[in-house]
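J.: Sharing run.pdb (PDB, N, CA and C atoms) below.
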```
ATOM      1  N   MET A1488     144.699 261.084  93.815
ATOM      2  CA  MET A1488     144.502 259.846  94.523
ATOM      3  C   MET A1488     145.024 260.042  95.951
ATOM      4  N   THR A1489     144.250 259.578  96.908
ATOM      5  CA  THR A1489     144.664 259.713  98.293
ATOM      6  C   THR A1489     145.685 258.635  98.658
ATOM      7  N   ALA A1490     146.321 258.809  99.794
ATOM      8  CA  ALA A1490     147.289 257.815 100.272
ATOM      9  C   ALA A1490     146.603 256.466 100.445
ATOM     10  N   ARG A1491     145.429 256.480 101.027
ATOM     11  CA  ARG A1491     144.661 255.250 101.229
ATOM     12  C   ARG A1491     144.380 254.557  99.886
ATOM     13  N   GLU A1492     143.924 255.326  98.920
ATOM     14  CA  GLU A1492     143.614 254.775  97.596
ATOM     15  C   GLU A1492     144.871 254.251  96.900
ATOM     16  N   PHE A1493     145.979 254.986  97.024
ATOM     17  CA  PHE A1493     147.223 254.544  96.392
ATOM     18  C   PHE A1493     147.668 253.194  96.944
ATOM     19  N   LEU A1494     147.643 253.047  98.261
ATOM     20  CA  LEU A1494     148.062 251.777  98.864
ATOM     21  C   LEU A1494     147.170 250.632  98.410
ATOM     22  N   GLU A1495     145.878 250.858  98.355
ATOM     23  CA  GLU A1495     144.967 249.817  97.873
ATOM     24  C   GLU A1495     145.281 249.479  96.426
ATOM     25  N   TRP A1496     145.526 250.493  95.597
ATOM     26  CA  TRP A1496     145.856 250.304  94.191
ATOM     27  C   TRP A1496     147.158 249.519  94.036
ATOM     28  N   ALA A1497     148.108 249.780  94.940
ATOM     29  CA  ALA A1497     149.412 249.113  94.893
ATOM     30  C   ALA A1497     149.367 247.706  95.499
ATOM     31  N   GLY A1498     148.238 247.347  96.101
ATOM     32  CA  GLY A1498     148.084 246.001  96.639
ATOM     33  C   GLY A1498     148.514 245.843  98.087
ATOM     34  N   PHE A1499     148.542 246.929  98.839
ATOM     35  CA  PHE A1499     148.962 246.875 100.234
ATOM     36  C   PHE A1499     147.783 247.117 101.166
ATOM     37  N   GLU A1500     147.872 246.523 102.338
ATOM     38  CA  GLU A1500     146.907 246.799 103.388
ATOM     39  C   GLU A1500     147.114 248.240 103.845
ATOM     40  N   VAL A1501     146.034 248.922 104.094
ATOM     41  CA  VAL A1501     146.121 250.304 104.570
ATOM     42  C   VAL A1501     146.169 250.263 106.090
ATOM     43  N   ASN A1502     147.321 250.624 106.628
ATOM     44  CA  ASN A1502     147.485 250.683 108.083
ATOM     45  C   ASN A1502     148.542 251.748 108.393
ATOM     46  N   GLU A1503     148.762 251.988 109.668
ATOM     47  CA  GLU A1503     149.693 253.045 110.069
ATOM     48  C   GLU A1503     151.100 252.813 109.501
ATOM     49  N   HIS A1504     151.536 251.563 109.487
ATOM     50  CA  HIS A1504     152.875 251.230 108.994
ATOM     51  C   HIS A1504     153.022 251.553 107.503
ATOM     52  N   THR A1505     152.085 251.069 106.684
ATOM     53  CA  THR A1505     152.209 251.297 105.244
ATOM     54  C   THR A1505     151.995 252.766 104.893
ATOM     55  N   LEU A1506     151.127 253.444 105.613
ATOM     56  CA  LEU A1506     150.929 254.873 105.380
ATOM     57  C   LEU A1506     152.190 255.661 105.721
ATOM     58  N   PHE A1507     152.852 255.296 106.820
ATOM     59  CA  PHE A1507     154.104 255.967 107.185
ATOM     60  C   PHE A1507     155.181 255.702 106.136
ATOM     61  N   ARG A1508     155.269 254.465 105.655
ATOM     62  CA  ARG A1508     156.264 254.136 104.615
ATOM     63  C   ARG A1508     156.022 254.942 103.354
ATOM     64  N   LEU A1509     154.748 255.129 102.988
ATOM     65  CA  LEU A1509     154.429 255.926 101.810
ATOM     66  C   LEU A1509     154.871 257.375 102.011
ATOM     67  N   THR A1510     154.684 257.905 103.207
ATOM     68  CA  THR A1510     155.155 259.265 103.524
ATOM     69  C   THR A1510     156.650 259.371 103.275
ATOM     70  N   PHE A1511     157.402 258.394 103.758
ATOM     71  CA  PHE A1511     158.857 258.376 103.605
ATOM     72  C   PHE A1511     159.240 258.218 102.134
ATOM     73  N   TYR A1512     158.527 257.349 101.417
ATOM     74  CA  TYR A1512     158.804 257.080 100.003
ATOM     75  C   TYR A1512     158.710 258.339  99.147
ATOM     76  N   VAL A1513     157.661 259.119  99.335
ATOM     77  CA  VAL A1513     157.495 260.316  98.507
ATOM     78  C   VAL A1513     158.154 261.548  99.114
ATOM     79  N   GLY A1514     158.641 261.435 100.349
ATOM     80  CA  GLY A1514     159.275 262.574 101.000
ATOM     81  C   GLY A1514     158.276 263.688 101.268
ATOM     82  N   SER A1515     157.086 263.297 101.654
ATOM     83  CA  SER A1515     156.006 264.259 101.865
ATOM     84  C   SER A1515     156.147 265.012 103.179
ATOM     85  N   ASN A1516     155.679 266.241 103.180
ATOM     86  CA  ASN A1516     155.582 267.023 104.410
ATOM     87  C   ASN A1516     154.352 266.617 105.214
ATOM     88  N   VAL A1517     153.448 265.882 104.571
ATOM     89  CA  VAL A1517     152.234 265.403 105.215
ATOM     90  C   VAL A1517     152.483 263.973 105.679
ATOM     91  N   ASP A1518     152.199 263.696 106.938
ATOM     92  CA  ASP A1518     152.324 262.345 107.478
ATOM     93  C   ASP A1518     151.042 261.597 107.142
ATOM     94  N   PHE A1519     151.116 260.703 106.150
ATOM     95  CA  PHE A1519     149.930 259.993 105.700
ATOM     96  C   PHE A1519     149.353 259.069 106.771
ATOM     97  N   SER A1520     150.149 258.681 107.761
ATOM     98  CA  SER A1520     149.605 257.865 108.841
ATOM     99  C   SER A1520     148.630 258.682 109.689
ATOM    100  N   GLN A1521     148.761 259.997 109.660
ATOM    101  CA  GLN A1521     147.846 260.885 110.367
ATOM    102  C   GLN A1521     146.737 261.415 109.440
ATOM    103  N   PHE A1522     147.046 261.489 108.145
ATOM    104  CA  PHE A1522     146.109 262.036 107.159
ATOM    105  C   PHE A1522     146.019 261.105 105.945
ATOM    106  N   PRO A1523     145.397 259.939 106.098
ATOM    107  CA  PRO A1523     145.352 258.957 105.012
ATOM    108  C   PRO A1523     144.551 259.399 103.794
ATOM    109  N   ASP A1524     143.742 260.433 103.942
ATOM    110  CA  ASP A1524     142.957 260.905 102.803
ATOM    111  C   ASP A1524     143.580 262.119 102.114
ATOM    112  N   ALA A1525     144.839 262.413 102.448
ATOM    113  CA  ALA A1525     145.571 263.480 101.766
ATOM    114  C   ALA A1525     146.023 262.974 100.394
ATOM    115  N   GLU A1526     146.102 263.883  99.457
ATOM    116  CA  GLU A1526     146.553 263.551  98.106
ATOM    117  C   GLU A1526     148.035 263.189  98.109
ATOM    118  N   VAL A1527     148.397 262.184  97.323
ATOM    119  CA  VAL A1527     149.795 261.756  97.207
ATOM    120  C   VAL A1527     150.349 262.300  95.898
ATOM    121  N   THR A1528     151.375 263.157  96.022
ATOM    122  CA  THR A1528     151.994 263.750  94.835
ATOM    123  C   THR A1528     153.510 263.644  94.928
ATOM    124  N   THR A1529     154.155 263.794  93.784
ATOM    125  CA  THR A1529     155.610 263.845  93.753
ATOM    126  C   THR A1529     156.041 265.252  94.162
ATOM    127  N   GLU A1530     157.347 265.480  94.243
ATOM    128  CA  GLU A1530     157.866 266.790  94.642
ATOM    129  C   GLU A1530     157.401 267.913  93.716
ATOM    130  N   ASP A1531     157.183 267.590  92.441
ATOM    131  CA  ASP A1531     156.749 268.626  91.501
ATOM    132  C   ASP A1531     155.227 268.763  91.416
ATOM    133  N   GLY A1532     154.510 268.027  92.274
ATOM    134  CA  GLY A1532     153.057 268.147  92.327
ATOM    135  C   GLY A1532     152.290 267.181  91.456
ATOM    136  N   THR A1533     152.992 266.302  90.752
ATOM    137  CA  THR A1533     152.331 265.307  89.919
ATOM    138  C   THR A1533     151.698 264.234  90.800
ATOM    139  N   PRO A1534     150.432 263.905  90.572
ATOM    140  CA  PRO A1534     149.830 262.820  91.339
ATOM    141  C   PRO A1534     150.635 261.530  91.133
ATOM    142  N   LEU A1535     150.938 260.847  92.221
ATOM    143  CA  LEU A1535     151.802 259.668  92.149
ATOM    144  C   LEU A1535     151.234 258.607  91.224
ATOM    145  N   ASN A1536     149.928 258.447  91.198
ATOM    146  CA  ASN A1536     149.328 257.427  90.345
ATOM    147  C   ASN A1536     149.437 257.750  88.862
ATOM    148  N   GLU A1537     149.826 258.974  88.510
ATOM    149  CA  GLU A1537     150.011 259.341  87.108
ATOM    150  C   GLU A1537     151.436 259.088  86.619
ATOM    151  N   CYS A1538     152.314 258.667  87.503
ATOM    152  CA  CYS A1538     153.686 258.340  87.126
ATOM    153  C   CYS A1538     153.697 256.955  86.492
ATOM    154  N   ALA A1539     154.275 256.855  85.309
ATOM    155  CA  ALA A1539     154.223 255.610  84.540
ATOM    156  C   ALA A1539     154.805 254.417  85.278
ATOM    157  N   GLU A1540     155.787 254.645  86.138
ATOM    158  CA  GLU A1540     156.461 253.542  86.814
ATOM    159  C   GLU A1540     155.757 253.090  88.101
ATOM    160  N   GLU A1541     154.663 253.734  88.443
ATOM    161  CA  GLU A1541     153.934 253.373  89.661
ATOM    162  C   GLU A1541     152.742 252.477  89.344
ATOM    163  N   PRO A1542     152.360 251.577  90.231
ATOM    164  CA  PRO A1542     152.835 251.371  91.589
ATOM    165  C   PRO A1542     154.029 250.426  91.691
ATOM    166  N   ALA A1543     154.540 249.938  90.552
ATOM    167  CA  ALA A1543     155.618 248.949  90.577
ATOM    168  C   ALA A1543     156.850 249.441  91.330
ATOM    169  N   GLN A1544     157.209 250.686  91.167
ATOM    170  CA  GLN A1544     158.398 251.204  91.832
ATOM    171  C   GLN A1544     158.196 251.241  93.355
ATOM    172  N   PHE A1545     157.000 251.611  93.803
ATOM    173  CA  PHE A1545     156.709 251.602  95.237
ATOM    174  C   PHE A1545     156.725 250.169  95.768
ATOM    175  N   GLN A1546     156.171 249.229  95.027
ATOM    176  CA  GLN A1546     156.152 247.832  95.456
ATOM    177  C   GLN A1546     157.577 247.300  95.603
ATOM    178  N   GLU A1547     158.428 247.610  94.645
ATOM    179  CA  GLU A1547     159.831 247.190  94.692
ATOM    180  C   GLU A1547     160.543 247.826  95.879
ATOM    181  N   TRP A1548     160.290 249.110  96.111
ATOM    182  CA  TRP A1548     160.893 249.821  97.235
ATOM    183  C   TRP A1548     160.461 249.190  98.549
ATOM    184  N   MET A1549     159.183 248.867  98.680
ATOM    185  CA  MET A1549     158.672 248.239  99.903
ATOM    186  C   MET A1549     159.314 246.869 100.108
ATOM    187  N   ASP A1550     159.480 246.102  99.046
ATOM    188  CA  ASP A1550     160.136 244.793  99.164
ATOM    189  C   ASP A1550     161.556 244.950  99.678
ATOM    190  N   GLY A1551     162.269 245.952  99.197
ATOM    191  CA  GLY A1551     163.639 246.203  99.652
ATOM    192  C   GLY A1551     163.680 246.628 101.102
ATOM    193  N   ILE A1552     162.752 247.474 101.508
ATOM    194  CA  ILE A1552     162.682 247.937 102.903
ATOM    195  C   ILE A1552     162.373 246.765 103.826
ATOM    196  N   ASN A1553     161.478 245.894 103.433
ATOM    197  CA  ASN A1553     161.051 244.797 104.295
ATOM    198  C   ASN A1553     162.174 243.794 104.553
ATOM    199  N   HIS A1554     163.163 243.741 103.677
ATOM    200  CA  HIS A1554     164.303 242.845 103.900
ATOM    201  C   HIS A1554     165.183 243.342 105.043
ATOM    202  N   PHE A1555     165.071 244.614 105.369
ATOM    203  CA  PHE A1555     165.938 245.206 106.395
ATOM    204  C   PHE A1555     165.219 245.496 107.697
ATOM    205  N   ARG A1556     164.034 244.935 107.871
ATOM    206  CA  ARG A1556     163.295 245.153 109.119
ATOM    207  C   ARG A1556     163.988 244.471 110.276
ATOM    208  N   ILE A1557     163.988 245.135 111.389
ATOM    209  CA  ILE A1557     164.631 244.588 112.586
ATOM    210  C   ILE A1557     163.568 244.017 113.501
TER
END
```
What would the structure in this file look like if it were written as structure tokens?
T.:
Amino acid sequence: MTAREFLEWAGFEVNEHTLFRLTFYVGSNVDFSQFPDAEVTTEDGTPLNECAEEPAQFQEWMDGINHFRI
């Protein structure tokens, strides 16, 4: 699943901000804001959408991050 597809699946608008947050969330070497059609995987190479706790864990993480926006 691409970064763009993951964000849509998780219920987020696909834009530079959310793509950058996804990059930070997974700790990717690929900047999804520059490459939104890159595959999103965990550190061990598992596609993020195959993780049982997703997209709920990403949604919760985003909610926590948004509380600290300046």
J.: My list of candidates is A:Ile1552, A:Gly1532, A:Glu1537, A:Ser1520. Which is closest to Asn1502 in chain A when distances are computed with only N, CA and C atoms?
T.: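 The shortest atom-to-atom distance to Asn1502 in chain A comes from A:Ser1520.
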J.: Could you tell me, as a PyMOL selection string, exactly which residues end up selected when the PyMOL selection byres (((chain A and resi 1515 and name CA) around 12) and name CA) is applied to this structure?
T.: chain A and resi 1490+1506-1514+1516-1520+1522+1525-1532+1535
J.: Atom N of Glu1492 in chain A and CA of Trp1548 in chain A, how far apart in Å?
T.: 17.9 Å
J.: Give the strand (DSSP E or B) residues of chain A, as DSSP finds them on the backbone, and put them as a ChimeraX atom specification.
T.: /A:1489,1526,1528,1534
J.: Tell me, in Å to one decimal, how far CA of Glu1495 in chain A is from CA of Thr1533 in chain A.
T.: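 Distance between the two atoms: 18.9 Å.
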J.: Report, in Å with one decimal, the straight-line distance from CA of Val1501 in chain A to atom C of Gln1521 in chain A.
T.: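 Taking CA of Val1501 in chain A as the start and atom C of Gln1521 in chain A as the end point, the length is 12.1 Å.
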J.: Show me, as AutoDock Vina command-line options, the centre and edge lengths in Å to one decimal of the axis-aligned box that covers every listed atom of range 1529-1537 of chain A with 5 Å on each side.
T.:
```
--center_x 153.6 --center_y 263.1 --center_z 90.6 --size_x 18.5 --size_y 21.3 --size_z 18.0
```
